[in-house]
>>> print(open('entry_28.txt').read())   # compact mmCIF, C-alpha atoms
# COMPACT_ATOMS: atom_id res chain seq x y z
CA MET V 1 -50.13 21.46 -116.26
CA ALA V 2 -47.42 23.99 -115.45
CA LEU V 3 -45.06 22.99 -112.64
CA LYS V 4 -43.54 25.63 -110.37
CA LEU V 5 -40.95 24.96 -107.69
CA TYR V 6 -40.50 27.62 -105.02
CA VAL V 7 -36.93 27.23 -103.81
CA HIS V 8 -33.72 28.71 -102.53
CA ARG V 9 -30.70 26.66 -103.56
CA ALA V 10 -28.97 27.16 -100.22
CA SER V 11 -31.73 24.87 -98.95
CA GLN V 12 -30.75 21.21 -99.21
CA PRO V 13 -34.31 20.00 -100.00
CA SER V 14 -34.67 22.71 -102.64
CA ARG V 15 -31.56 21.45 -104.42
CA ALA V 16 -32.85 17.88 -104.35
CA LEU V 17 -36.04 18.92 -106.15
CA VAL V 18 -34.25 20.97 -108.79
CA ILE V 19 -31.77 18.17 -109.49
CA PHE V 20 -34.51 15.55 -109.64
CA CYS V 21 -36.46 17.51 -112.24
CA LYS V 22 -33.38 18.21 -114.32
CA VAL V 23 -32.21 14.58 -114.25
CA ASN V 24 -35.65 13.34 -115.27
CA GLU V 25 -36.22 16.07 -117.88
CA ILE V 26 -39.30 17.42 -116.11
CA GLU V 27 -40.11 20.92 -117.29
CA PHE V 28 -40.55 23.38 -114.44
CA GLU V 29 -40.31 27.01 -113.49
CA GLU V 30 -37.87 27.71 -110.68
CA VAL V 31 -39.23 30.50 -108.49
CA PHE V 32 -36.53 31.97 -106.25
CA ILE V 33 -37.60 32.67 -102.67
CA ASP V 34 -35.06 34.89 -100.92
CA LEU V 35 -34.85 33.57 -97.38
CA THR V 36 -32.58 36.41 -96.22
CA LYS V 37 -35.35 38.87 -97.13
CA LYS V 38 -37.98 36.66 -95.44
CA GLN V 39 -39.91 36.13 -98.66
CA HIS V 40 -40.88 32.71 -97.28
CA LYS V 41 -42.95 34.55 -94.65
CA SER V 42 -44.74 36.82 -97.12
CA PRO V 43 -48.55 36.58 -97.43
CA GLU V 44 -48.19 35.49 -101.06
CA PHE V 45 -45.90 32.58 -100.22
CA LEU V 46 -47.90 31.57 -97.14
CA GLU V 47 -50.85 30.95 -99.45
CA ILE V 48 -48.73 28.25 -101.08
CA ASN V 49 -47.08 26.92 -97.94
CA PRO V 50 -48.71 28.02 -94.67
CA MET V 51 -45.67 26.63 -92.82
CA GLY V 52 -43.50 29.34 -94.36
CA GLN V 53 -40.66 27.12 -95.54
CA VAL V 54 -39.02 26.19 -98.82
CA PRO V 55 -39.37 24.22 -100.94
CA ALA V 56 -42.95 24.26 -102.10
CA MET V 57 -44.63 23.19 -105.33
CA VAL V 58 -47.58 24.23 -107.45
CA HIS V 59 -48.63 21.84 -110.21
CA GLY V 60 -51.67 23.21 -111.97
CA ASP V 61 -54.12 23.88 -109.13
CA PHE V 62 -52.36 21.52 -106.71
CA LYS V 63 -50.17 22.99 -103.98
CA LEU V 64 -47.77 20.86 -101.97
CA PHE V 65 -44.98 21.38 -99.46
CA GLU V 66 -42.46 19.15 -97.64
CA SER V 67 -39.67 18.03 -99.96
CA HIS V 68 -40.09 14.28 -99.46
CA ALA V 69 -43.78 14.51 -100.31
CA ILE V 70 -42.97 16.58 -103.39
CA LEU V 71 -40.30 14.13 -104.57
CA SER V 72 -42.71 11.22 -104.10
CA TYR V 73 -45.40 13.09 -106.03
CA LEU V 74 -43.12 14.05 -108.92
CA ALA V 75 -41.78 10.50 -109.24
CA SER V 76 -45.35 9.22 -109.49
CA ALA V 77 -46.92 12.02 -111.55
CA PHE V 78 -44.51 11.99 -114.49
CA PRO V 79 -44.54 8.66 -116.38
CA LYS V 80 -41.04 8.98 -117.84
CA VAL V 81 -39.41 8.97 -114.39
CA ALA V 82 -37.52 5.67 -114.02
CA ASP V 83 -38.97 3.26 -111.48
CA HIS V 84 -35.81 3.10 -109.36
CA TRP V 85 -36.37 6.65 -108.09
CA TYR V 86 -39.52 5.60 -106.22
CA PRO V 87 -39.99 1.86 -106.73
CA SER V 88 -43.42 0.48 -107.60
CA ASP V 89 -42.51 -2.68 -105.71
CA LEU V 90 -44.23 -2.27 -102.34
CA ILE V 91 -41.36 -3.59 -100.22
CA GLN V 92 -38.68 -1.56 -101.98
CA ARG V 93 -40.83 1.59 -101.79
CA ALA V 94 -41.36 1.01 -98.07
CA LYS V 95 -37.60 0.78 -97.59
CA VAL V 96 -37.09 4.08 -99.40
CA GLN V 97 -39.82 5.65 -97.30
CA SER V 98 -38.20 4.42 -94.09
CA VAL V 99 -34.97 6.23 -95.00
CA LEU V 100 -36.88 9.43 -95.77
CA ASP V 101 -38.72 9.29 -92.44
CA TRP V 102 -35.43 8.72 -90.59
CA HIS V 103 -33.74 11.57 -92.44
CA HIS V 104 -35.72 14.49 -91.02
CA SER V 105 -35.34 13.65 -87.35
CA ASN V 106 -31.70 12.56 -87.56
CA LEU V 107 -29.33 13.52 -90.37
CA ARG V 108 -31.24 16.65 -91.33
CA ARG V 109 -31.70 17.81 -87.74
CA GLY V 110 -27.96 17.53 -87.12
CA SER V 111 -26.95 19.09 -90.43
CA VAL V 112 -29.28 22.09 -90.15
CA THR V 113 -28.48 22.81 -86.51
CA TYR V 114 -24.73 22.61 -87.03
CA THR V 115 -24.34 24.47 -90.33
CA PHE V 116 -26.77 27.23 -89.34
CA ASN V 117 -24.97 27.93 -86.09
CA VAL V 118 -21.44 27.93 -87.54
CA LYS V 119 -22.16 29.51 -90.93
CA PHE V 120 -25.59 30.83 -91.89
CA ALA V 121 -26.98 32.56 -88.79
CA PRO V 122 -25.46 36.01 -89.57
CA ALA V 123 -27.19 36.06 -92.97
CA PHE V 124 -30.48 36.01 -91.03
CA GLY V 125 -29.38 38.65 -88.56
CA LEU V 126 -28.65 36.15 -85.80
CA PRO V 127 -25.44 35.45 -83.86
CA LEU V 128 -23.49 32.23 -84.19
CA ASN V 129 -24.30 29.83 -81.35
CA PRO V 130 -21.38 27.55 -80.40
CA GLN V 131 -23.46 25.53 -77.93
CA ALA V 132 -26.17 24.80 -80.49
CA ALA V 133 -23.46 24.01 -83.05
CA ALA V 134 -21.89 21.46 -80.69
CA GLU V 135 -25.26 19.81 -80.11
CA GLY V 136 -25.90 19.74 -83.84
CA GLU V 137 -22.50 18.23 -84.57
CA LYS V 138 -23.20 15.43 -82.09
CA VAL V 139 -26.47 14.53 -83.81
CA LEU V 140 -24.82 14.86 -87.22
CA SER V 141 -21.93 12.55 -86.33
CA GLU V 142 -24.28 9.97 -84.84
CA SER V 143 -26.42 10.11 -87.97
CA LEU V 144 -23.43 9.70 -90.29
CA SER V 145 -22.37 6.68 -88.22
CA LYS V 146 -25.84 5.14 -88.57
CA LEU V 147 -25.82 5.91 -92.29
CA GLU V 148 -22.45 4.16 -92.64
CA SER V 149 -23.23 1.13 -90.47
CA PHE V 150 -26.91 0.51 -91.28
CA TRP V 151 -28.41 2.26 -94.29
CA LEU V 152 -25.31 1.49 -96.39
CA SER V 153 -24.64 -1.94 -94.90
CA GLU V 154 -25.88 -3.95 -97.89
CA SER V 155 -23.91 -4.69 -101.05
CA GLY V 156 -25.56 -2.24 -103.46
CA LYS V 157 -24.04 1.13 -104.38
CA PHE V 158 -26.98 3.04 -102.94
CA LEU V 159 -29.17 3.16 -99.84
CA VAL V 160 -30.90 0.00 -98.63
CA GLY V 161 -28.78 -2.11 -100.98
CA ALA V 162 -30.15 -0.70 -104.23
CA ASP V 163 -28.18 -0.80 -107.47
CA LYS V 164 -29.68 2.50 -108.66
CA PRO V 165 -30.51 5.68 -106.73
CA SER V 166 -33.87 6.56 -105.25
CA ILE V 167 -35.30 9.88 -104.11
CA ALA V 168 -33.86 9.00 -100.68
CA ASP V 169 -30.32 8.90 -102.08
CA LEU V 170 -30.79 12.29 -103.71
CA SER V 171 -32.36 13.87 -100.63
CA LEU V 172 -29.72 12.62 -98.18
CA ALA V 173 -26.77 13.30 -100.49
CA CYS V 174 -27.90 16.91 -100.88
CA GLU V 175 -28.06 17.11 -97.09
CA ILE V 176 -24.46 15.99 -96.73
CA MET V 177 -23.33 18.38 -99.45
CA GLN V 178 -24.28 21.17 -97.04
CA LEU V 179 -20.99 20.39 -95.31
CA ASP V 180 -19.19 21.83 -98.36
CA PHE V 181 -20.21 25.28 -97.15
CA LEU V 182 -17.97 24.78 -94.11
CA GLU V 183 -14.28 25.39 -93.64
CA GLU V 184 -12.27 22.49 -95.06
CA ASP V 185 -10.90 21.44 -91.66
CA ASP V 186 -14.40 21.24 -90.17
CA ARG V 187 -15.69 19.27 -93.12
CA LYS V 188 -12.83 16.78 -92.94
CA ARG V 189 -13.22 16.38 -89.19
CA ILE V 190 -16.91 15.56 -89.47
CA LEU V 191 -17.08 13.57 -92.71
CA GLY V 192 -13.54 12.13 -92.86
CA PRO V 193 -14.14 9.01 -90.73
CA PHE V 194 -17.02 7.82 -92.92
CA LYS V 195 -15.44 6.40 -96.07
CA LYS V 196 -18.49 4.43 -97.12
CA VAL V 197 -20.65 7.55 -96.88
CA GLN V 198 -18.17 9.51 -98.99
CA GLN V 199 -18.18 6.83 -101.69
CA TRP V 200 -21.98 6.70 -101.70
CA VAL V 201 -22.15 10.49 -102.16
CA GLU V 202 -19.82 10.14 -105.15
CA ASN V 203 -22.04 7.37 -106.55
CA THR V 204 -25.08 9.62 -106.22
CA LYS V 205 -23.26 12.55 -107.85
CA ASN V 206 -22.32 10.35 -110.78
CA ALA V 207 -25.83 8.95 -111.14
CA ALA V 208 -27.28 12.48 -111.26
CA SER V 209 -24.52 13.93 -113.44
CA PRO V 210 -24.09 16.62 -114.64
CA HIS V 211 -26.96 18.31 -112.83
CA PHE V 212 -25.92 17.40 -109.29
CA ASN V 213 -22.60 19.22 -109.57
CA GLU V 214 -24.00 22.11 -111.60
CA VAL V 215 -26.68 22.93 -109.05
CA HIS V 216 -24.29 22.72 -106.12
CA GLU V 217 -21.47 24.66 -107.76
CA THR V 218 -23.84 27.54 -108.55
CA ILE V 219 -24.98 28.01 -104.97
CA PHE V 220 -21.50 27.45 -103.54
CA ARG V 221 -20.18 30.33 -105.67
CA GLN V 222 -23.02 32.58 -104.58
CA VAL V 223 -22.59 31.82 -100.88
CA ARG V 224 -18.82 32.30 -101.01
CA ALA V 225 -19.28 35.65 -102.77
CA MET V 226 -21.85 36.71 -100.17
CA ALA V 227 -19.54 35.66 -97.31
CA LYS V 228 -16.65 37.60 -98.87
CA LYS V 229 -18.85 40.68 -99.20
CA GLN V 230 -19.98 40.42 -95.58
CA GLN V 231 -16.39 40.04 -94.42
CA SER V 232 -15.33 43.08 -96.44
CA THR V 233 -18.22 45.12 -95.03
CA GLY V 234 -17.30 44.05 -91.51
CA GLU V 235 -13.66 45.04 -91.97
CA LYS V 236 -14.66 48.49 -93.28
CA SER V 237 -17.02 49.08 -90.35
CA GLU V 238 -14.21 48.25 -87.90
CA ALA V 239 -11.71 50.58 -89.62
>>> encode(input="entry_28.txt", output="structure tokens")
Amino acid sequence: MALKLYVHRASQPSRALVIFCKVNEIEFEEVFIDLTKKQHKSPEFLEINPMGQVPAMVHGDFKLFESHAILSYLASAFPKVADHWYPSDLIQRAKVQSVLDWHHSNLRRGSVTYTFNVKFAPAFGLPLNPQAAAEGEKVLSESLSKLESFWLSESGKFLVGADKPSIADLSLACEIMQLDFLEEDDRKRILGPFKKVQQWVENTKNAASPHFNEVHETIFRQVRAMAKKQQSTGEKSEA
């Protein structure tokens, strides 16, 4: 069955799916959904994901959305995917699932709220919102603290004490990489105090090499070029 992933690489969950498939040599078609042009709200895309968000997946006749569900499905549907990504052991799988459930209402909520309101809002025709950014940074910092003190508290190199990465490691590491879109001073202020988190991100990068860096470097270049173009356009309009 043909596998299609509907993604935009500026989306953290989209990057996690693309990297996962590349690391595990899963053949797929990457379908670009331009969020700035609201393609995720088009009738065609809403037939795939009625929630109007990326990523989404079509595998044969099966449609699925929500990145954690897609990662879980892919890890189970393709036999050559190594067991450590989504452990068959019931207890270890439950631990991975607990991290994924925590992610959306904590780390992801803080990351999305902060980065959108200090960086991405203008691309969607919205103003930057300092108050929302401050609220997002508070949630983000609290989540990084919990990640450092609890989810990375065991002796393994990866989440919940594992020696090899799971889909939770990939999903959360891609979330934190969103901070690389920020100004360097902001990134250092937010992430700098969390040395264990920084090391874990490096461990995840290395485990998913070279695809982790390749996917991120591509979108970082594109976003920087877009920001430079917007800045140039703004300067010309003021002149």
>>> residues_around(input="entry_28.txt", residues="V:Asp83", least_positions_apart="2", cutoff="12 Å", atoms="all atoms listed in the file", output="PyMOL selection string")
chain V and resi 24+72+74-81+85-90+92-93+164-167
>>> write_last_selection(input="entry_28.txt", atoms="C-alpha atoms", output="mmCIF file, in the coordinates of the input")
data_model
loop_
_atom_site.group_PDB
_atom_site.id
_atom_site.type_symbol
_atom_site.label_atom_id
_atom_site.label_comp_id
_atom_site.auth_asym_id
_atom_site.auth_seq_id
_atom_site.Cartn_x
_atom_site.Cartn_y
_atom_site.Cartn_z
ATOM 1 C CA ASN V 24 -35.650 13.340 -115.270
ATOM 2 C CA SER V 72 -42.710 11.220 -104.100
ATOM 3 C CA LEU V 74 -43.120 14.050 -108.920
ATOM 4 C CA ALA V 75 -41.780 10.500 -109.240
ATOM 5 C CA SER V 76 -45.350 9.220 -109.490
ATOM 6 C CA ALA V 77 -46.920 12.020 -111.550
ATOM 7 C CA PHE V 78 -44.510 11.990 -114.490
ATOM 8 C CA PRO V 79 -44.540 8.660 -116.380
ATOM 9 C CA LYS V 80 -41.040 8.980 -117.840
ATOM 10 C CA VAL V 81 -39.410 8.970 -114.390
ATOM 11 C CA TRP V 85 -36.370 6.650 -108.090
ATOM 12 C CA TYR V 86 -39.520 5.600 -106.220
ATOM 13 C CA PRO V 87 -39.990 1.860 -106.730
ATOM 14 C CA SER V 88 -43.420 0.480 -107.600
ATOM 15 C CA ASP V 89 -42.510 -2.680 -105.710
ATOM 16 C CA LEU V 90 -44.230 -2.270 -102.340
ATOM 17 C CA GLN V 92 -38.680 -1.560 -101.980
ATOM 18 C CA ARG V 93 -40.830 1.590 -101.790
ATOM 19 C CA LYS V 164 -29.680 2.500 -108.660
ATOM 20 C CA PRO V 165 -30.510 5.680 -106.730
ATOM 21 C CA SER V 166 -33.870 6.560 -105.250
ATOM 22 C CA ILE V 167 -35.300 9.880 -104.110
#
>>> atom_distance(input="entry_28.txt", atom1="atom CA of V:Phe116", atom2="atom CA of V:Gln12")
12.2 Å
>>> closest_residue(input="entry_28.txt", among="V:Ser111, V:Gln53, V:Ser98, V:Gln199", to="V:Lys38", atoms="all atoms listed in the file")
V:Gln53
>>> residues_around(input="entry_28.txt", residues="V:Leu159", least_positions_apart="5", cutoff="12 Å", atoms="only C-alpha atoms", output="ChimeraX atom specification")
/V:84-85,92-93,95-100,146-154,164-173,196-197,199-201,203-204
>>> atom_distance(input="entry_28.txt", atom1="atom CA of V:Leu179", atom2="atom CA of V:Asp163")
25.5 Å
>>> atom_distance(input="entry_28.txt", atom1="atom CA of V:Tyr73", atom2="atom CA of V:Val215")
21.4 Å
>>> closest_residue(input="entry_28.txt", among="V:Leu140, V:Val54, V:Cys21, V:Ile190", to="V:Arg9", atoms="all atoms listed in the file")
V:Val54
